[in-house]
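Q: Sharing a structure with you now.
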Amino acid sequence: MARTALAPHATPPELIRNFCIIAHIDHGKSTLADRMLQLTGVVDSRAMRAQYLDRMDIERERGITIKSQAVRMPWEVDDTTYCLNMIDTPGHVDFTYEVSRSLAACEGAVLLVDAAQGIEAQTLANLYLAMENDLTIIPVLNKIDLPAAQPEKYAEELAKLIGGDPDDCLRVSGKTGEGVEPLLDTIVDKLPHPVGDADAPARAMIFDSVYDTYRGVVTYVRVVDGNLNPRERIVMMSTRATHELLEIGVISPEPVPSKGLGVGEVGYLITGVKDVRQSRVGDTVTNASKPATKDLGGYRDPKPMVFSGLYPIDGSDYPDLREALDKLKLNDAALVYEPETSAALGFGFRCGFLGLLHLEIVRERLEREFGLELISTQPNVVYDVTMDDGKQIHVTNPSEFPEGKIAEVSEPIVRATVLAPSEFVGAIMELCQTKRGTLRGMDYLSEDRVEMRYTLPLAEIVFDFFDQLKSRTRGYASLDYEPDGDQVADLVKVQILLQGESVDAFSAIVHKDKAYAYGVMMAGKLKDLIPRQQFEVPIQAAIGSRIIARENIRAIRKDVLAKCYGGDISRKRKLLEKQKEGKKRMKMVGRVEVPQEAFIAALSSDGEKAKK
Amino acid sequence: MPPSALPDGDPAPTSGQLPAAALADLASTDLGIYVHVPFCAVRCGYCDFNTYTLTELGGPGASIGIDTYADAAVRELDLAQRVLGDRSPSVSTVFVGGGTPTMLRSGDLVRVLDGIRRRFGLAAGAEVTTEANPDSVTAQSLRELADGGFTRVSLGMQSAVPHVLRTLERTHDPDNVARAVAATRDAGMQVSVDLIYGTPGETLDDWRRSLEAAVALEPDHVSAYALVVEEGTKLAAQVRRGVVAAPEDDDEADKYELADQLLSAAGFGWYEVSNWARSEGARCRHNVAYWSGTNWWGIGPGAHSHVGGVRWWNVKHPSAYAARLAAGESPAHARETLSDEQRYDERVLLGTRLVDGLPVSDLRGSGRTAVAGLIADGLLDGPSALRDARLVLTRRGRLLADTVVHRLLAA
């Protein structure tokens, strides 16, 4: 612990160390961070809320960190007090860009790996990202108190990955606190201090932006050059928007206003804006009075990769859903949505997400925080269709897939990394092959662990890749992926027809080789889900006018209650009343009554899982 | 034949009093009395009726049994007389069901009938039916019933095929059915036989044999019911365990069509979805009353009643039933007062089951617009609707009566 902390705004860059922790979901990052907060005296043990940094309930329950934050901690080495800024990074594949911005705000990274499990794919991906950013890496094995820990084995693995000696790998236990002080000393010792021009116009990079109900948007920045001061006007360089700095300060671990932020410092800004879109991650902040001419680079608009329709189960909740999305959007720059109408599901929104986890988080927040009951349709990716006449169509919903002469269709692809015990190499290769993957490379991390690199269509990952990977490797494999552009592929739209009428909600865009399997699967599923009607209902799967699969729901012939005497009447009438309610939840597709439950089961990814 | 599970309802007053509105049309409405006898020698595997074997009730010395049942029933008749008052009409129909009413001595059944006659009077030409197990009647006992005023016996035949009867756990000897029919007729009473179709393992030919056997008996009336696997029965457990196959709707539809075909050819006309009679005079008037919304009082444990838009049902267990009456209280467990909407739903639900049909004028506007579609779909008989302005189900429509009712009631 340090006797006195350094005052913000006047901290010499030589005394600053900016770092982040790269770790897999349950490898103990939050526990280690908690221990650091305690040891540096920023939080006393009594006030310690377990896993202090993970603010939102969902994050705490899932043991993951969605939103990063930055905490300023004092630490003394050889009678000199240093200022450590710990920048927390989101730990999931969907937030690669946010991770890259957090990394760009640091000079070094603590690579934290569970000593009982070894490195996982996401960690590896983020490690590569850190190395590309020239960060100094401090390898650390956590959970050395576990009986199953194999620190020697995994130290070698890490040494092989980042170069250096296995003995350089620190060993800590976030749980007991063992080894955490030496780690803090190492951070001071090993990491380079920030370098910047104090006299230049300010340039600060936004690495996070959070909406707070009471304060509006809180923007987290790392100052590279110059300084930012209270009450001055600032400019967001990507949009040229100017704002007044109502408050500026550091987090330690609660927000503390300061006289400003100087070179190398990390802190927060409040300008009174109400939407995180006005303060975007990756953007450069400069002074309005003396603006910088060149931004820090690296800014990117968030790009939704996965789309899904969100519909309220009760149609009258539609206005509430709109309001809830409007609120969530304030805190989620990547969330996009627009109203959509489905013949089957009524009014809802087509929403774009960074990935599947992002989708799940948004859906869960809508249900939990806003009390909505939702159907989410099978997620799909974005396709670019070029017609024979050169016309381009951007398809975010299978219903927009054009009829007529199509020249080519391109789909997004990803670079995927799979880490697994080597015994599963065959199973993984087989899976990736059926998912149209191309092997790019393979390396042994150690004798029995292998890293496989694939190019895969994102659509395949979105469908059920991860579930399949987990089941084929008994849960041992881990996966990471990042967007890698587009490829032209032989894709078709499989339409599902009920009594000859196409039902977009059940249609899908799939590879030609998989069209038949999809058609058979969906037709079979619907046959089980749609109750028999008075007339026969053919279910067909078709590509254009060609029928590829067919099922029949036979006409119902009997529904009468044979006995309806004195004592049966009340019971029968009550049943009738219940069924009348049930009818309201039926959707008419042509003349066919389809229960809402059938849509949910056929379309939702949950239904897909339940099938297995 | 009340089902075993009672519906939810409002509390019923211990006095059994009815709201004045329910009694307003009492004098001008037919009154029937149903008597539920909750005893059986053995419980059949498919049956979920409110019935008990004597051992289940605790044997001799139990608070209620075959010796004391008639006393309790007569006590409830006293209550009915108090509640309905002197504006009550005489009784048009009596139906004794169960259980197995013929577990009681004929004398006890007659004593209950006498109790009805003394308190309310029987209308001229009143119909008085009892259900009977072919094994528990004799020429002697049937004569005693006829002498006591019974006019009709409904025999539980179920099937003529031994393996089907075994699956149903019916213990009666098929030959006894013919003897019971003959003895009933000799005693001067009308005869009805009950059949069940769709029993697991029953083929279409088995069913044809049962129908032909029933026709050969030359009864006045035939009821044929699809087997329903009711929750909580032994049969339901067997189906769940996969020991026997669940009845299949399509199979039951085939069997219904066969029944309607064979019975029609033999001179029986359908007058309700599951009931056929040799002539209009052979219809069961008591049951027709259920479907026409007139008044009836149900005597006995678990029995249901309906008077002027109020439905109530008695406590199920015979001991609880007897105890309530002994304490001078109504045995009603709960009741419901039907709203206009509910009465309308019931009228459509029940009226469409009858060959006499539902008058088109009874339908509200939204229901009338559904009629043309139902005729087009072959579910309603076109000529009856156009010529007589009545909705009568076609054979296909009878099987899909639920669909028809939903479409007529869809707002």
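Just remember, in the structure tokens the first chain shown is A, the second B, etc., residues are 1-based per chain, and ligands are 1-based in the order shown.
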Based on the backbone DSSP call, show me all residues of range 16-124 of chain B assigned helix (DSSP H, G or I), as an MDAnalysis selection string.
A: chainID B and resid 20:23 69:87 101:103 106:120
Q: Write a file of the selected residues as a CSV table (one decimal), in the first residue's frame, keeping N, CA and C atoms.
A:
```csv
chain,number,residue,atom,x,y,z
B,20,ALA,N,-83.4,-15.8,-6.0
B,20,ALA,CA,-84.7,-15.7,-6.4
B,20,ALA,C,-84.8,-15.8,-8.0
B,21,ALA,N,-83.8,-15.1,-8.6
B,21,ALA,CA,-83.8,-15.1,-10.1
B,21,ALA,C,-83.8,-16.5,-10.7
B,22,ALA,N,-83.1,-17.4,-10.0
B,22,ALA,CA,-82.9,-18.8,-10.5
B,22,ALA,C,-84.3,-19.5,-10.5
B,23,LEU,N,-85.2,-19.1,-9.6
B,23,LEU,CA,-86.4,-19.8,-9.4
B,23,LEU,C,-87.6,-19.1,-10.2
B,69,TYR,N,-77.9,-45.9,2.1
B,69,TYR,CA,-77.9,-44.9,1.0
B,69,TYR,C,-79.3,-44.2,0.8
B,70,ALA,N,-80.3,-45.0,0.7
B,70,ALA,CA,-81.6,-44.5,0.4
B,70,ALA,C,-82.1,-43.5,1.4
B,71,ASP,N,-81.7,-43.7,2.7
B,71,ASP,CA,-82.1,-42.7,3.7
B,71,ASP,C,-81.5,-41.4,3.4
B,72,ALA,N,-80.2,-41.4,3.1
B,72,ALA,CA,-79.5,-40.1,2.8
B,72,ALA,C,-80.1,-39.4,1.6
B,73,ALA,N,-80.4,-40.2,0.5
B,73,ALA,CA,-81.0,-39.7,-0.7
B,73,ALA,C,-82.3,-39.0,-0.4
B,74,VAL,N,-83.1,-39.7,0.5
B,74,VAL,CA,-84.4,-39.1,0.8
B,74,VAL,C,-84.2,-37.8,1.6
B,75,ARG,N,-83.2,-37.7,2.4
B,75,ARG,CA,-82.9,-36.5,3.1
B,75,ARG,C,-82.6,-35.3,2.2
B,76,GLU,N,-81.9,-35.7,1.1
B,76,GLU,CA,-81.6,-34.6,0.1
B,76,GLU,C,-82.9,-34.2,-0.6
B,77,LEU,N,-83.8,-35.2,-0.8
B,77,LEU,CA,-85.0,-34.8,-1.5
B,77,LEU,C,-85.8,-33.8,-0.6
B,78,ASP,N,-85.7,-34.0,0.7
B,78,ASP,CA,-86.4,-33.1,1.6
B,78,ASP,C,-85.8,-31.7,1.4
B,79,LEU,N,-84.5,-31.6,1.3
B,79,LEU,CA,-83.8,-30.3,1.1
B,79,LEU,C,-84.3,-29.7,-0.2
B,80,ALA,N,-84.4,-30.6,-1.3
B,80,ALA,CA,-84.8,-30.1,-2.6
B,80,ALA,C,-86.2,-29.5,-2.5
B,81,GLN,N,-87.0,-30.2,-1.8
B,81,GLN,CA,-88.4,-29.7,-1.6
B,81,GLN,C,-88.4,-28.3,-0.9
B,82,ARG,N,-87.6,-28.2,0.1
B,82,ARG,CA,-87.5,-26.9,0.9
B,82,ARG,C,-87.0,-25.8,-0.1
B,83,VAL,N,-86.0,-26.1,-0.8
B,83,VAL,CA,-85.4,-25.0,-1.7
B,83,VAL,C,-86.3,-24.6,-2.8
B,84,LEU,N,-86.9,-25.6,-3.5
B,84,LEU,CA,-87.7,-25.3,-4.7
B,84,LEU,C,-89.1,-24.8,-4.3
B,85,GLY,N,-89.6,-25.2,-3.1
B,85,GLY,CA,-90.9,-24.6,-2.6
B,85,GLY,C,-92.1,-25.2,-3.4
B,86,ASP,N,-93.2,-24.6,-3.1
B,86,ASP,CA,-94.4,-25.2,-3.7
B,86,ASP,C,-94.7,-24.8,-5.1
B,87,ARG,N,-93.9,-23.9,-5.7
B,87,ARG,CA,-94.1,-23.6,-7.1
B,87,ARG,C,-93.4,-24.6,-8.0
B,101,PRO,N,-76.3,-48.6,-9.9
B,101,PRO,CA,-77.5,-48.5,-9.1
B,101,PRO,C,-78.1,-49.8,-8.7
B,102,THR,N,-77.9,-50.9,-9.5
B,102,THR,CA,-78.5,-52.1,-9.2
B,102,THR,C,-77.7,-52.9,-8.1
B,103,MET,N,-76.7,-52.2,-7.6
B,103,MET,CA,-76.0,-52.7,-6.3
B,103,MET,C,-77.0,-52.6,-5.2
B,106,SER,N,-83.8,-53.6,-5.2
B,106,SER,CA,-84.8,-52.9,-6.0
B,106,SER,C,-85.7,-52.1,-5.0
B,107,GLY,N,-86.0,-52.7,-3.9
B,107,GLY,CA,-86.8,-52.0,-2.9
B,107,GLY,C,-86.3,-50.6,-2.5
B,108,ASP,N,-85.0,-50.5,-2.4
B,108,ASP,CA,-84.4,-49.2,-2.1
B,108,ASP,C,-84.5,-48.2,-3.2
B,109,LEU,N,-84.3,-48.7,-4.4
B,109,LEU,CA,-84.5,-47.8,-5.6
B,109,LEU,C,-85.9,-47.3,-5.7
B,110,VAL,N,-86.8,-48.2,-5.4
B,110,VAL,CA,-88.2,-47.9,-5.5
B,110,VAL,C,-88.6,-46.9,-4.4
B,111,ARG,N,-87.9,-47.1,-3.2
B,111,ARG,CA,-88.2,-46.2,-2.1
B,111,ARG,C,-87.7,-44.8,-2.4
B,112,VAL,N,-86.6,-44.6,-3.1
B,112,VAL,CA,-86.2,-43.3,-3.5
B,112,VAL,C,-87.2,-42.7,-4.5
B,113,LEU,N,-87.6,-43.5,-5.5
B,113,LEU,CA,-88.6,-43.1,-6.4
B,113,LEU,C,-89.9,-42.6,-5.7
B,114,ASP,N,-90.3,-43.4,-4.8
B,114,ASP,CA,-91.5,-43.1,-4.0
B,114,ASP,C,-91.3,-41.7,-3.3
B,115,GLY,N,-90.1,-41.5,-2.8
B,115,GLY,CA,-89.8,-40.3,-2.1
B,115,GLY,C,-89.9,-39.1,-3.1
B,116,ILE,N,-89.5,-39.3,-4.3
B,116,ILE,CA,-89.7,-38.2,-5.3
B,116,ILE,C,-91.2,-38.0,-5.6
B,117,ARG,N,-91.9,-39.1,-5.8
B,117,ARG,CA,-93.3,-39.0,-6.1
B,117,ARG,C,-94.1,-38.3,-5.0
B,118,ARG,N,-93.7,-38.6,-3.7
B,118,ARG,CA,-94.5,-38.0,-2.6
B,118,ARG,C,-94.2,-36.5,-2.5
B,119,ARG,N,-93.0,-36.1,-2.7
B,119,ARG,CA,-92.6,-34.7,-2.5
B,119,ARG,C,-93.0,-33.8,-3.7
B,120,PHE,N,-92.8,-34.3,-4.9
B,120,PHE,CA,-93.0,-33.5,-6.1
B,120,PHE,C,-94.1,-33.9,-7.0
```
Q: Just list as an NGL selection string whatever in range 98-270 of chain B DSSP marks as strand (DSSP E).
A: :B and (98 or 122-132 or 152-158 or 190-197 or 221-226 or 269-270)
Q: Atoms to include: N, CA and C atoms. Write the selected residues as a compact mmCIF listing (two decimals), in the first residue's frame.
A:
```txt
# COMPACT_ATOMS: atom_id res chain seq x y z
N GLY B 98 -74.88 -44.23 -11.99
CA GLY B 98 -73.85 -44.59 -10.99
C GLY B 98 -72.47 -44.52 -11.58
N LEU B 122 -95.10 -37.18 -9.85
CA LEU B 122 -94.53 -37.52 -11.15
C LEU B 122 -95.53 -37.08 -12.21
N ALA B 123 -95.04 -36.41 -13.24
CA ALA B 123 -95.92 -35.94 -14.32
C ALA B 123 -96.48 -37.17 -15.06
N ALA B 124 -97.60 -36.98 -15.69
CA ALA B 124 -98.17 -38.08 -16.47
C ALA B 124 -97.18 -38.49 -17.55
N GLY B 125 -96.97 -39.81 -17.70
CA GLY B 125 -96.04 -40.32 -18.71
C GLY B 125 -94.59 -40.04 -18.38
N ALA B 126 -94.29 -39.80 -17.10
CA ALA B 126 -92.90 -39.51 -16.72
C ALA B 126 -91.98 -40.66 -17.12
N GLU B 127 -90.75 -40.30 -17.50
CA GLU B 127 -89.75 -41.31 -17.86
C GLU B 127 -88.89 -41.58 -16.63
N VAL B 128 -88.78 -42.85 -16.24
CA VAL B 128 -87.98 -43.19 -15.06
C VAL B 128 -86.99 -44.28 -15.45
N THR B 129 -85.71 -43.90 -15.49
CA THR B 129 -84.67 -44.82 -15.98
C THR B 129 -83.73 -45.21 -14.86
N THR B 130 -83.26 -46.44 -14.91
CA THR B 130 -82.09 -46.75 -14.09
C THR B 130 -81.04 -47.42 -14.96
N GLU B 131 -79.78 -47.12 -14.64
CA GLU B 131 -78.70 -47.86 -15.26
C GLU B 131 -78.60 -49.20 -14.56
N ALA B 132 -78.10 -50.21 -15.27
CA ALA B 132 -77.98 -51.52 -14.63
C ALA B 132 -76.81 -52.28 -15.21
N ARG B 152 -87.75 -47.65 -17.73
CA ARG B 152 -86.65 -47.76 -18.70
C ARG B 152 -85.40 -48.26 -17.99
N VAL B 153 -84.65 -49.15 -18.65
CA VAL B 153 -83.40 -49.64 -18.08
C VAL B 153 -82.29 -49.46 -19.11
N SER B 154 -81.18 -48.89 -18.64
CA SER B 154 -80.03 -48.69 -19.52
C SER B 154 -78.94 -49.67 -19.10
N LEU B 155 -78.66 -50.66 -19.98
CA LEU B 155 -77.74 -51.73 -19.61
C LEU B 155 -76.32 -51.44 -20.09
N GLY B 156 -75.36 -51.61 -19.21
CA GLY B 156 -73.96 -51.39 -19.57
C GLY B 156 -73.41 -52.61 -20.28
N MET B 157 -73.58 -52.64 -21.59
CA MET B 157 -73.11 -53.78 -22.38
C MET B 157 -71.63 -53.60 -22.75
N GLN B 158 -71.28 -52.41 -23.18
CA GLN B 158 -69.91 -51.97 -23.54
C GLN B 158 -69.36 -52.65 -24.78
N GLN B 190 -88.69 -50.16 -21.29
CA GLN B 190 -87.86 -49.92 -22.46
C GLN B 190 -86.41 -50.29 -22.12
N VAL B 191 -85.66 -50.65 -23.17
CA VAL B 191 -84.27 -51.06 -22.96
C VAL B 191 -83.32 -50.21 -23.79
N SER B 192 -82.27 -49.79 -23.14
CA SER B 192 -81.18 -49.14 -23.86
C SER B 192 -79.91 -49.92 -23.57
N VAL B 193 -79.00 -49.99 -24.55
CA VAL B 193 -77.69 -50.58 -24.24
C VAL B 193 -76.60 -49.52 -24.48
N ASP B 194 -75.60 -49.55 -23.60
CA ASP B 194 -74.44 -48.67 -23.72
C ASP B 194 -73.29 -49.43 -24.34
N LEU B 195 -72.59 -48.80 -25.28
CA LEU B 195 -71.41 -49.42 -25.89
C LEU B 195 -70.23 -48.46 -25.78
N ILE B 196 -69.05 -49.04 -25.73
CA ILE B 196 -67.82 -48.23 -25.73
C ILE B 196 -66.98 -48.66 -26.92
N TYR B 197 -66.46 -47.66 -27.68
CA TYR B 197 -65.55 -48.01 -28.77
C TYR B 197 -64.21 -47.33 -28.58
N HIS B 221 -82.98 -48.33 -27.74
CA HIS B 221 -82.08 -47.18 -27.70
C HIS B 221 -80.65 -47.68 -27.56
N VAL B 222 -79.72 -47.01 -28.23
CA VAL B 222 -78.31 -47.37 -28.10
C VAL B 222 -77.49 -46.11 -27.84
N SER B 223 -76.60 -46.17 -26.85
CA SER B 223 -75.61 -45.10 -26.67
C SER B 223 -74.24 -45.69 -27.01
N ALA B 224 -73.44 -44.94 -27.73
CA ALA B 224 -72.09 -45.43 -28.05
C ALA B 224 -71.10 -44.30 -27.76
N TYR B 225 -70.16 -44.62 -26.89
CA TYR B 225 -69.21 -43.59 -26.45
C TYR B 225 -67.78 -43.97 -26.82
N ALA B 226 -67.03 -43.00 -27.28
CA ALA B 226 -65.60 -43.22 -27.48
C ALA B 226 -64.95 -43.33 -26.11
N GLY B 269 -82.26 -43.89 -35.27
CA GLY B 269 -81.89 -42.55 -35.72
C GLY B 269 -81.08 -41.84 -34.65
N TRP B 270 -80.04 -41.12 -35.09
CA TRP B 270 -79.27 -40.38 -34.07
C TRP B 270 -80.10 -39.19 -33.61
```
Q: How close does each residue of chain A get to chain B, giving the shortest atom pair and distance in Å to one decimal for every residue with an atom at most 10 Å away, counting only C-alpha atoms, sorted by chain and residue number, as a Markdown table?
A:
```
| residue | atom | partner | partner_atom | distance |
| --- | --- | --- | --- | --- |
| A:Gln533 | CA | B:Thr403 | CA | 9.2 |
| A:Gln534 | CA | B:Thr403 | CA | 8.0 |
| A:Phe535 | CA | B:Asp377 | CA | 9.2 |
| A:Arg554 | CA | B:Asp250 | CA | 9.9 |
| A:Ala555 | CA | B:Asp250 | CA | 9.6 |
| A:Ile556 | CA | B:Asp250 | CA | 7.7 |
| A:Arg557 | CA | B:Asp250 | CA | 6.2 |
| A:Lys558 | CA | B:Leu399 | CA | 4.6 |
| A:Asp559 | CA | B:Leu400 | CA | 5.1 |
| A:Val560 | CA | B:Ala401 | CA | 5.1 |
| A:Leu561 | CA | B:Asp402 | CA | 7.6 |
| A:Ala562 | CA | B:Tyr225 | CA | 5.4 |
| A:Lys563 | CA | B:Tyr225 | CA | 6.7 |
| A:Cys564 | CA | B:Leu350 | CA | 8.2 |
| A:Tyr565 | CA | B:Tyr290 | CA | 6.2 |
| A:Gly566 | CA | B:Tyr290 | CA | 5.8 |
| A:Gly567 | CA | B:Pro2 | CA | 4.6 |
| A:Asp568 | CA | B:Pro3 | CA | 6.6 |
| A:Ile569 | CA | B:Glu346 | CA | 7.8 |
| A:Ser570 | CA | B:Pro7 | CA | 6.9 |
| A:Arg571 | CA | B:Pro7 | CA | 6.1 |
| A:Lys572 | CA | B:Leu349 | CA | 8.8 |
| A:Arg573 | CA | B:Glu346 | CA | 6.6 |
| A:Lys574 | CA | B:Pro7 | CA | 8.5 |
| A:Leu576 | CA | B:His406 | CA | 7.8 |
| A:Glu577 | CA | B:Asp345 | CA | 8.8 |
| A:Gln579 | CA | B:His406 | CA | 8.4 |
| A:Lys580 | CA | B:Ala410 | CA | 7.4 |
| A:Lys583 | CA | B:Ala410 | CA | 8.6 |
| A:Lys584 | CA | B:Ala410 | CA | 9.7 |
```
Q: Atoms to include: N, CA and C atoms. Write the selected residues as a PDB file, in the first residue's frame.
A:
```pdb
ATOM      1  N   GLN A 533     -55.718 -29.750 -38.476  1.00  0.00           N
ATOM      2  CA  GLN A 533     -56.804 -28.831 -38.812  1.00  0.00           C
ATOM      3  C   GLN A 533     -57.924 -29.643 -39.453  1.00  0.00           C
ATOM      4  N   GLN A 534     -59.006 -28.932 -39.814  1.00  0.00           N
ATOM      5  CA  GLN A 534     -60.130 -29.637 -40.434  1.00  0.00           C
ATOM      6  C   GLN A 534     -59.795 -30.187 -41.801  1.00  0.00           C
ATOM      7  N   PHE A 535     -58.727 -29.642 -42.389  1.00  0.00           N
ATOM      8  CA  PHE A 535     -58.356 -30.059 -43.735  1.00  0.00           C
ATOM      9  C   PHE A 535     -56.889 -30.450 -43.688  1.00  0.00           C
ATOM     10  N   ARG A 554     -52.231 -34.469 -41.434  1.00  0.00           N
ATOM     11  CA  ARG A 554     -53.526 -35.039 -41.818  1.00  0.00           C
ATOM     12  C   ARG A 554     -54.662 -34.236 -41.191  1.00  0.00           C
ATOM     13  N   ALA A 555     -55.797 -34.239 -41.888  1.00  0.00           N
ATOM     14  CA  ALA A 555     -56.947 -33.498 -41.363  1.00  0.00           C
ATOM     15  C   ALA A 555     -57.426 -34.157 -40.081  1.00  0.00           C
ATOM     16  N   ILE A 556     -57.860 -33.341 -39.158  1.00  0.00           N
ATOM     17  CA  ILE A 556     -58.418 -33.897 -37.934  1.00  0.00           C
ATOM     18  C   ILE A 556     -59.804 -34.436 -38.269  1.00  0.00           C
ATOM     19  N   ARG A 557     -60.151 -35.559 -37.682  1.00  0.00           N
ATOM     20  CA  ARG A 557     -61.461 -36.134 -38.006  1.00  0.00           C
ATOM     21  C   ARG A 557     -62.392 -36.121 -36.810  1.00  0.00           C
ATOM     22  N   LYS A 558     -61.831 -36.029 -35.616  1.00  0.00           N
ATOM     23  CA  LYS A 558     -62.724 -36.116 -34.453  1.00  0.00           C
ATOM     24  C   LYS A 558     -62.192 -35.222 -33.344  1.00  0.00           C
ATOM     25  N   ASP A 559     -63.051 -34.369 -32.834  1.00  0.00           N
ATOM     26  CA  ASP A 559     -62.677 -33.609 -31.643  1.00  0.00           C
ATOM     27  C   ASP A 559     -63.848 -33.535 -30.662  1.00  0.00           C
ATOM     28  N   VAL A 560     -64.927 -34.206 -31.015  1.00  0.00           N
ATOM     29  CA  VAL A 560     -66.126 -34.098 -30.176  1.00  0.00           C
ATOM     30  C   VAL A 560     -65.920 -34.860 -28.864  1.00  0.00           C
ATOM     31  N   LEU A 561     -66.497 -34.312 -27.824  1.00  0.00           N
ATOM     32  CA  LEU A 561     -66.488 -34.996 -26.540  1.00  0.00           C
ATOM     33  C   LEU A 561     -67.673 -35.963 -26.553  1.00  0.00           C
ATOM     34  N   ALA A 562     -67.384 -37.272 -26.407  1.00  0.00           N
ATOM     35  CA  ALA A 562     -68.451 -38.260 -26.587  1.00  0.00           C
ATOM     36  C   ALA A 562     -69.555 -38.092 -25.552  1.00  0.00           C
ATOM     37  N   LYS A 563     -69.171 -37.864 -24.307  1.00  0.00           N
ATOM     38  CA  LYS A 563     -70.169 -37.779 -23.243  1.00  0.00           C
ATOM     39  C   LYS A 563     -70.290 -36.353 -22.758  1.00  0.00           C
ATOM     40  N   CYS A 564     -71.499 -35.836 -22.788  1.00  0.00           N
ATOM     41  CA  CYS A 564     -71.683 -34.492 -22.282  1.00  0.00           C
ATOM     42  C   CYS A 564     -72.996 -34.428 -21.510  1.00  0.00           C
ATOM     43  N   TYR A 565     -72.983 -35.018 -20.330  1.00  0.00           N
ATOM     44  CA  TYR A 565     -74.182 -35.052 -19.496  1.00  0.00           C
ATOM     45  C   TYR A 565     -74.081 -33.978 -18.420  1.00  0.00           C
ATOM     46  N   GLY A 566     -75.009 -34.026 -17.466  1.00  0.00           N
ATOM     47  CA  GLY A 566     -75.126 -32.954 -16.475  1.00  0.00           C
ATOM     48  C   GLY A 566     -73.809 -32.502 -15.882  1.00  0.00           C
ATOM     49  N   GLY A 567     -73.043 -33.478 -15.383  1.00  0.00           N
ATOM     50  CA  GLY A 567     -71.815 -33.124 -14.673  1.00  0.00           C
ATOM     51  C   GLY A 567     -70.678 -32.725 -15.588  1.00  0.00           C
ATOM     52  N   ASP A 568     -70.832 -33.016 -16.893  1.00  0.00           N
ATOM     53  CA  ASP A 568     -69.739 -32.694 -17.815  1.00  0.00           C
ATOM     54  C   ASP A 568     -69.835 -31.265 -18.324  1.00  0.00           C
ATOM     55  N   ILE A 569     -71.010 -30.666 -18.142  1.00  0.00           N
ATOM     56  CA  ILE A 569     -71.271 -29.403 -18.841  1.00  0.00           C
ATOM     57  C   ILE A 569     -70.368 -28.261 -18.351  1.00  0.00           C
ATOM     58  N   SER A 570     -70.272 -28.106 -17.014  1.00  0.00           N
ATOM     59  CA  SER A 570     -69.425 -27.024 -16.495  1.00  0.00           C
ATOM     60  C   SER A 570     -67.986 -27.203 -16.950  1.00  0.00           C
ATOM     61  N   ARG A 571     -67.531 -28.460 -16.874  1.00  0.00           N
ATOM     62  CA  ARG A 571     -66.156 -28.758 -17.235  1.00  0.00           C
ATOM     63  C   ARG A 571     -65.912 -28.430 -18.711  1.00  0.00           C
ATOM     64  N   LYS A 572     -66.858 -28.837 -19.534  1.00  0.00           N
ATOM     65  CA  LYS A 572     -66.709 -28.611 -20.972  1.00  0.00           C
ATOM     66  C   LYS A 572     -66.742 -27.108 -21.290  1.00  0.00           C
ATOM     67  N   ARG A 573     -67.658 -26.371 -20.614  1.00  0.00           N
ATOM     68  CA  ARG A 573     -67.747 -24.946 -20.896  1.00  0.00           C
ATOM     69  C   ARG A 573     -66.464 -24.236 -20.476  1.00  0.00           C
ATOM     70  N   LYS A 574     -65.918 -24.626 -19.325  1.00  0.00           N
ATOM     71  CA  LYS A 574     -64.667 -24.000 -18.871  1.00  0.00           C
ATOM     72  C   LYS A 574     -63.536 -24.283 -19.858  1.00  0.00           C
ATOM     73  N   LEU A 576     -63.924 -24.808 -22.997  1.00  0.00           N
ATOM     74  CA  LEU A 576     -64.230 -23.983 -24.162  1.00  0.00           C
ATOM     75  C   LEU A 576     -63.745 -22.545 -23.955  1.00  0.00           C
ATOM     76  N   GLU A 577     -63.996 -22.023 -22.753  1.00  0.00           N
ATOM     77  CA  GLU A 577     -63.558 -20.658 -22.448  1.00  0.00           C
ATOM     78  C   GLU A 577     -62.040 -20.559 -22.544  1.00  0.00           C
ATOM     79  N   GLN A 579     -60.103 -22.524 -24.307  1.00  0.00           N
ATOM     80  CA  GLN A 579     -59.697 -22.655 -25.705  1.00  0.00           C
ATOM     81  C   GLN A 579     -59.935 -21.362 -26.478  1.00  0.00           C
ATOM     82  N   LYS A 580     -60.996 -20.634 -26.106  1.00  0.00           N
ATOM     83  CA  LYS A 580     -61.255 -19.356 -26.783  1.00  0.00           C
ATOM     84  C   LYS A 580     -60.083 -18.406 -26.542  1.00  0.00           C
ATOM     85  N   LYS A 583     -57.254 -19.452 -28.694  1.00  0.00           N
ATOM     86  CA  LYS A 583     -57.417 -19.069 -30.097  1.00  0.00           C
ATOM     87  C   LYS A 583     -56.823 -17.694 -30.355  1.00  0.00           C
ATOM     88  N   LYS A 584     -56.912 -16.840 -29.339  1.00  0.00           N
ATOM     89  CA  LYS A 584     -56.377 -15.497 -29.527  1.00  0.00           C
ATOM     90  C   LYS A 584     -54.868 -15.548 -29.738  1.00  0.00           C
TER      91      LYS A 584
END
```
